[in-house]
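Source file entry.cif; content: mmCIF, C-alpha atoms.
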```
data_start
#
loop_
_atom_site.label_atom_id
_atom_site.label_comp_id
_atom_site.auth_asym_id
_atom_site.auth_seq_id
_atom_site.Cartn_x
_atom_site.Cartn_y
_atom_site.Cartn_z
CA MET A 1 0.00 0.00 0.00
CA ASP A 2 1.14 3.51 -0.76
CA LEU A 3 1.98 5.93 2.01
CA ASP A 4 -0.35 8.96 1.90
CA ALA A 5 1.03 10.82 4.92
CA THR A 6 2.87 10.46 8.18
CA ASP A 7 2.95 12.67 11.25
CA PHE A 8 5.64 12.88 13.88
CA ARG A 9 4.97 13.99 17.44
CA VAL A 10 7.56 14.17 20.16
CA GLY A 11 7.19 15.76 23.56
CA VAL A 12 7.83 15.80 27.26
CA PRO A 13 4.89 15.50 29.68
CA LEU A 14 5.17 16.24 33.38
CA THR A 15 2.33 14.74 35.42
CA TRP A 16 1.26 14.82 39.05
CA ARG A 17 -1.46 13.02 40.98
CA ARG A 18 -2.73 13.29 44.52
CA GLY A 19 -5.82 11.32 45.49
CA ALA A 20 -8.59 11.96 42.97
CA TYR A 21 -6.81 14.87 41.24
CA GLN A 22 -4.32 14.90 38.37
CA ALA A 23 -2.39 17.66 36.63
CA LYS A 24 -0.30 17.73 33.47
CA PHE A 25 2.10 20.21 31.91
CA ALA A 26 3.67 19.27 28.60
CA TYR A 27 5.58 20.47 25.57
CA TYR A 28 5.22 18.78 22.18
CA HIS A 29 6.33 19.25 18.58
CA THR A 30 4.24 17.91 15.68
CA SER A 31 5.19 17.92 12.02
CA ALA A 32 3.19 16.42 9.16
CA HIS A 33 4.46 15.10 5.84
CA ALA A 34 2.62 14.02 2.71
CA GLY A 35 3.93 10.75 1.33
CA ASP A 36 5.95 10.55 -1.89
CA GLU A 37 3.46 8.16 -3.45
CA TYR A 38 0.54 10.49 -2.66
CA ILE A 39 2.36 13.46 -4.23
CA GLU A 40 3.12 11.38 -7.36
CA ARG A 41 -0.54 10.32 -7.69
CA ASN A 42 -1.76 13.91 -7.13
CA PRO A 43 0.55 16.22 -9.11
CA GLY A 44 -1.60 19.29 -8.32
CA PHE A 45 -1.37 18.74 -4.56
CA GLN A 46 0.13 21.70 -2.73
CA ARG A 47 2.33 20.36 0.03
CA ILE A 48 2.06 22.22 3.33
CA ASN A 49 4.62 22.41 6.09
CA TYR A 50 2.28 21.72 9.03
CA VAL A 51 4.14 22.35 12.30
CA ARG A 52 3.05 22.88 15.92
CA ASP A 53 5.28 23.58 18.91
CA ALA A 54 2.90 23.74 21.84
CA PHE A 55 2.56 23.85 25.59
CA VAL A 56 -0.33 21.96 27.18
CA LEU A 57 -1.96 22.35 30.59
CA GLY A 58 -4.41 19.69 31.70
CA GLY A 59 -6.27 18.28 34.62
CA GLY A 60 -8.13 15.16 35.57
CA TYR A 61 -10.54 14.15 38.30
CA PHE A 62 -11.73 10.74 39.51
CA PRO A 63 -15.29 11.07 40.90
CA ASP A 64 -15.05 7.29 41.38
CA PRO A 65 -11.86 5.17 41.25
CA ASP A 66 -13.09 3.57 37.98
CA LEU A 67 -14.19 6.81 36.26
CA ARG A 68 -11.99 9.71 35.13
CA LEU A 69 -12.97 13.10 33.73
CA TYR A 70 -10.26 15.18 32.07
CA ALA A 71 -9.62 18.32 30.03
CA GLU A 72 -6.62 20.10 28.63
CA ILE A 73 -5.84 23.26 26.72
CA GLY A 74 -2.90 23.69 24.38
CA TYR A 75 -1.25 26.78 22.96
CA ALA A 76 1.23 26.57 20.08
CA PHE A 77 3.86 29.31 20.19
CA ASN A 78 5.25 28.23 16.79
CA THR A 79 2.95 27.26 13.91
CA ASP A 80 3.20 26.82 10.16
CA GLY A 81 1.24 25.30 7.30
CA GLY A 82 -2.24 26.31 8.47
CA ALA A 83 -1.83 25.34 12.12
CA GLN A 84 -3.37 27.79 14.58
CA PRO A 85 -2.37 28.29 18.23
CA TRP A 86 -5.28 26.96 20.32
CA GLU A 87 -6.61 23.45 20.94
CA LEU A 88 -8.93 21.88 23.51
CA GLN A 89 -9.24 18.23 24.47
CA PHE A 90 -11.65 16.68 26.97
CA GLY A 91 -13.24 13.38 27.78
CA VAL A 92 -14.40 10.70 30.15
CA GLU A 93 -13.17 7.12 30.58
CA PHE A 94 -14.31 4.10 32.55
CA SER A 95 -11.72 1.46 33.44
CA PRO A 96 -12.16 -0.71 36.55
CA VAL A 97 -9.06 -0.54 38.76
CA GLU A 98 -9.57 -3.81 40.64
CA HIS A 99 -7.97 -7.07 39.51
CA SER A 100 -10.50 -8.52 37.08
CA GLY A 101 -9.44 -12.16 37.14
CA PHE A 102 -9.93 -14.58 34.27
CA TYR A 103 -13.24 -13.05 33.15
CA GLY A 104 -12.07 -9.45 32.78
CA ALA A 105 -14.26 -6.36 32.81
CA PRO A 106 -15.64 -3.81 30.33
CA PHE A 107 -14.03 -0.44 29.58
CA TRP A 108 -15.09 2.56 27.51
CA ALA A 109 -13.89 6.07 26.69
CA ILE A 110 -15.08 9.16 24.82
CA ASN A 111 -12.69 11.95 23.79
CA GLY A 112 -13.37 15.27 22.06
CA TYR A 113 -10.63 17.27 20.35
CA LEU A 114 -11.33 20.83 19.10
CA ARG A 115 -8.85 22.90 17.08
CA GLU A 116 -8.80 26.58 16.21
CA GLU A 117 -7.42 25.87 12.72
CA VAL A 118 -10.66 24.16 11.68
CA ASN A 119 -12.98 26.84 13.16
CA TRP A 120 -13.22 24.98 16.46
CA GLY A 121 -14.32 21.80 14.76
CA GLY A 122 -12.41 18.66 15.43
CA ASN A 123 -13.33 15.08 16.11
CA VAL A 124 -14.85 12.70 18.58
CA ASN A 125 -13.16 9.40 19.34
CA MET A 126 -14.92 6.53 21.14
CA MET A 127 -13.55 3.23 22.39
CA VAL A 128 -15.28 0.25 23.96
CA GLY A 129 -13.99 -3.18 24.83
CA TRP A 130 -12.89 -5.70 27.42
CA GLN A 131 -9.89 -5.53 29.76
CA TRP A 132 -7.88 -7.76 32.08
CA ARG A 133 -5.89 -6.14 34.90
CA GLY A 134 -3.03 -8.01 36.59
CA ASP A 135 -3.26 -8.74 40.31
CA ARG A 136 0.41 -8.34 41.24
CA ASN A 137 1.79 -5.83 38.75
CA ASN A 138 -1.36 -3.90 37.73
CA HIS A 139 -0.49 -4.38 34.04
CA LEU A 140 -3.50 -3.92 31.78
CA PHE A 141 -4.41 -5.82 28.60
CA ARG A 142 -7.36 -4.61 26.54
CA ILE A 143 -9.13 -5.52 23.31
CA GLY A 144 -11.74 -3.30 21.77
CA LEU A 145 -13.32 -1.26 19.03
CA GLN A 146 -12.55 2.35 18.19
CA TYR A 147 -14.66 4.85 16.21
CA LEU A 148 -13.53 8.32 15.11
CA ASP A 149 -15.65 10.94 13.33
CA GLY A 150 -14.56 14.45 12.40
CA LYS A 151 -11.44 16.21 11.16
CA THR A 152 -8.58 13.97 10.12
CA MET A 153 -5.62 13.30 12.39
CA GLN A 154 -3.30 13.32 9.34
CA TYR A 155 -2.30 16.98 9.56
CA ALA A 156 -0.98 17.17 5.98
CA PHE A 157 -4.72 17.10 5.14
CA PHE A 158 -5.96 18.90 8.29
CA ASN A 159 -9.06 20.43 6.62
CA ASN A 160 -10.37 17.02 5.50
CA SER A 161 -12.95 15.03 7.46
CA GLU A 162 -12.99 11.28 8.01
CA GLN A 163 -14.70 8.45 9.81
CA PHE A 164 -13.07 5.19 10.73
CA VAL A 165 -13.74 2.09 12.72
CA GLY A 166 -10.92 -0.02 14.05
CA PHE A 167 -10.16 -3.01 16.24
CA GLY A 168 -7.19 -2.95 18.55
CA THR A 169 -5.27 -4.56 21.35
CA TRP A 170 -3.45 -2.52 24.00
CA TYR A 171 -1.04 -3.46 26.74
CA ASP A 172 -0.17 -1.01 29.53
CA PHE A 173 2.96 -1.86 31.52
#
```

Whole structure, structure tokens version:
Amino acid sequence: MDLDATDFRVGVPLTWRRGAYQAKFAYYHTSAHAGDEYIERNPGFQRINYVRDAFVLGGGYFPDPDLRLYAEIGYAFNTDGGAQPWELQFGVEFSPVEHSGFYGAPFWAINGYLREEVNWGGNVNMMVGWQWRGDRNNHLFRIGLQYLDGKTMQYAFFNNSEQFVGFGTWYDF
């Protein structure tokens, strides 16, 4: 399959938690690149140099040990290629913290991501599935479905919209 685009994101998050409260401060750099094959297939395509260097401030709250609410705001001090400074992200997730044994337990999450560069549009991302949490090491294995609807996460095409459904496995150490 041809490569249409690839994005690179690198950053440093600093996080803190006390009881039911969490805080996050982070820096990240994102750059997006259209793929050579895509450019060859679309000779009229105008390549953009999408870049974001941003600081993020976020917070989370656990009203119940299994349920987390969170929000964060990001400001990019360096942008190019149509990127704009502000972004907002928020969501809720349910993931039982107790050892789930052989049978496991359900999990779900909903995340919204709004961006200034698309007139405060963005996307919604939902996940649902089954998880198994280790009893001694608290490692977490999950399988599930993911659905995204809204603006693309391939920033070389940041004005485009997309929908996708996926199946995944995740392992948290």

For this file, the PyMOL selection byres ((chain A and resi 161) around 6) selects which residues, as a PDB file with C-alpha atoms, keeping the file's coordinate frame?
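See selection-v4.pdb below for the written result:
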```
ATOM      1  CA  GLY A 150     -14.560  14.450  12.400  1.00  0.00           C
ATOM      2  CA  LYS A 151     -11.440  16.210  11.160  1.00  0.00           C
ATOM      3  CA  THR A 152      -8.580  13.970  10.120  1.00  0.00           C
ATOM      4  CA  ASN A 160     -10.370  17.020   5.500  1.00  0.00           C
ATOM      5  CA  GLU A 162     -12.990  11.280   8.010  1.00  0.00           C
TER       6      GLU A 162
END
```

Need the shell around stretch 62-79 of chain A: protein/DNA/RNA residues with any atom at most 7 Å away, counting all atoms listed in the file. Skip same-chain ones fewer than 6 positions apart. Format as JSON, numbers by chain?
{"A": [20, 21, 51, 52, 53, 54, 55, 56, 85, 86, 87, 88, 89, 90, 91, 92, 93, 94, 95, 96, 97]}

How about saving the chosen residues, C-alpha atoms kept, as a PDB file, in the coordinates of the input?
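Output (out.pdb):
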```pdb
ATOM      1  CA  ALA A  20      -8.590  11.960  42.970  1.00  0.00           C
ATOM      2  CA  TYR A  21      -6.810  14.870  41.240  1.00  0.00           C
ATOM      3  CA  VAL A  51       4.140  22.350  12.300  1.00  0.00           C
ATOM      4  CA  ARG A  52       3.050  22.880  15.920  1.00  0.00           C
ATOM      5  CA  ASP A  53       5.280  23.580  18.910  1.00  0.00           C
ATOM      6  CA  ALA A  54       2.900  23.740  21.840  1.00  0.00           C
ATOM      7  CA  PHE A  55       2.560  23.850  25.590  1.00  0.00           C
ATOM      8  CA  VAL A  56      -0.330  21.960  27.180  1.00  0.00           C
ATOM      9  CA  PRO A  85      -2.370  28.290  18.230  1.00  0.00           C
ATOM     10  CA  TRP A  86      -5.280  26.960  20.320  1.00  0.00           C
ATOM     11  CA  GLU A  87      -6.610  23.450  20.940  1.00  0.00           C
ATOM     12  CA  LEU A  88      -8.930  21.880  23.510  1.00  0.00           C
ATOM     13  CA  GLN A  89      -9.240  18.230  24.470  1.00  0.00           C
ATOM     14  CA  PHE A  90     -11.650  16.680  26.970  1.00  0.00           C
ATOM     15  CA  GLY A  91     -13.240  13.380  27.780  1.00  0.00           C
ATOM     16  CA  VAL A  92     -14.400  10.700  30.150  1.00  0.00           C
ATOM     17  CA  GLU A  93     -13.170   7.120  30.580  1.00  0.00           C
ATOM     18  CA  PHE A  94     -14.310   4.100  32.550  1.00  0.00           C
ATOM     19  CA  SER A  95     -11.720   1.460  33.440  1.00  0.00           C
ATOM     20  CA  PRO A  96     -12.160  -0.710  36.550  1.00  0.00           C
ATOM     21  CA  VAL A  97      -9.060  -0.540  38.760  1.00  0.00           C
TER      22      VAL A  97
END
```

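One finds atom CA of A:Arg9 at 14.1 Å from atom CA of A:Asn49.
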
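Across the chains present, the PyMOL selection byres ((chain A and resi 10-12) around 8) applied to this file returns Phe8, Arg9, Pro13, Leu14, Ala26, Tyr27, Tyr28, His29 and Thr30 of chain A.
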
Could you jot down the atom CA of A:Trp130 to atom CA of A:Lys24 separation for me, Å, one decimal place?
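Between these atoms lies a distance of 27.3 Å.
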
Go ahead and compute the interatomic distance for atom CA of A:Gly35 and atom CA of A:Asp2, in Å to one decimal.
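Atom CA of A:Asp2 lies 8.0 Å from atom CA of A:Gly35.
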
Write out as a short mmCIF file (atom, residue, chain, number, x, y, z; two decimals) with C-alpha atoms, in the frame of the given file each polymer residue whose atoms come within 10 Å of A:His99, counting all atoms listed in the file; drop sequence neighbours fewer than 3 positions from it.
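Result written to part.cif:
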```
data_model
loop_
_atom_site.label_atom_id
_atom_site.label_comp_id
_atom_site.auth_asym_id
_atom_site.auth_seq_id
_atom_site.Cartn_x
_atom_site.Cartn_y
_atom_site.Cartn_z
CA PRO A 96 -12.16 -0.71 36.55
CA PHE A 102 -9.93 -14.58 34.27
CA GLY A 104 -12.07 -9.45 32.78
CA ALA A 105 -14.26 -6.36 32.81
CA TRP A 132 -7.88 -7.76 32.08
CA ARG A 133 -5.89 -6.14 34.90
CA GLY A 134 -3.03 -8.01 36.59
CA ASP A 135 -3.26 -8.74 40.31
CA ARG A 136 0.41 -8.34 41.24
CA ASN A 137 1.79 -5.83 38.75
CA ASN A 138 -1.36 -3.90 37.73
CA HIS A 139 -0.49 -4.38 34.04
CA LEU A 140 -3.50 -3.92 31.78
#
```

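Here the question is which of A:Ala23, A:Gly121, A:His33, A:Gly101 gets nearest to A:Leu57 using only C-alpha atoms, and that residue is A:Ala23.
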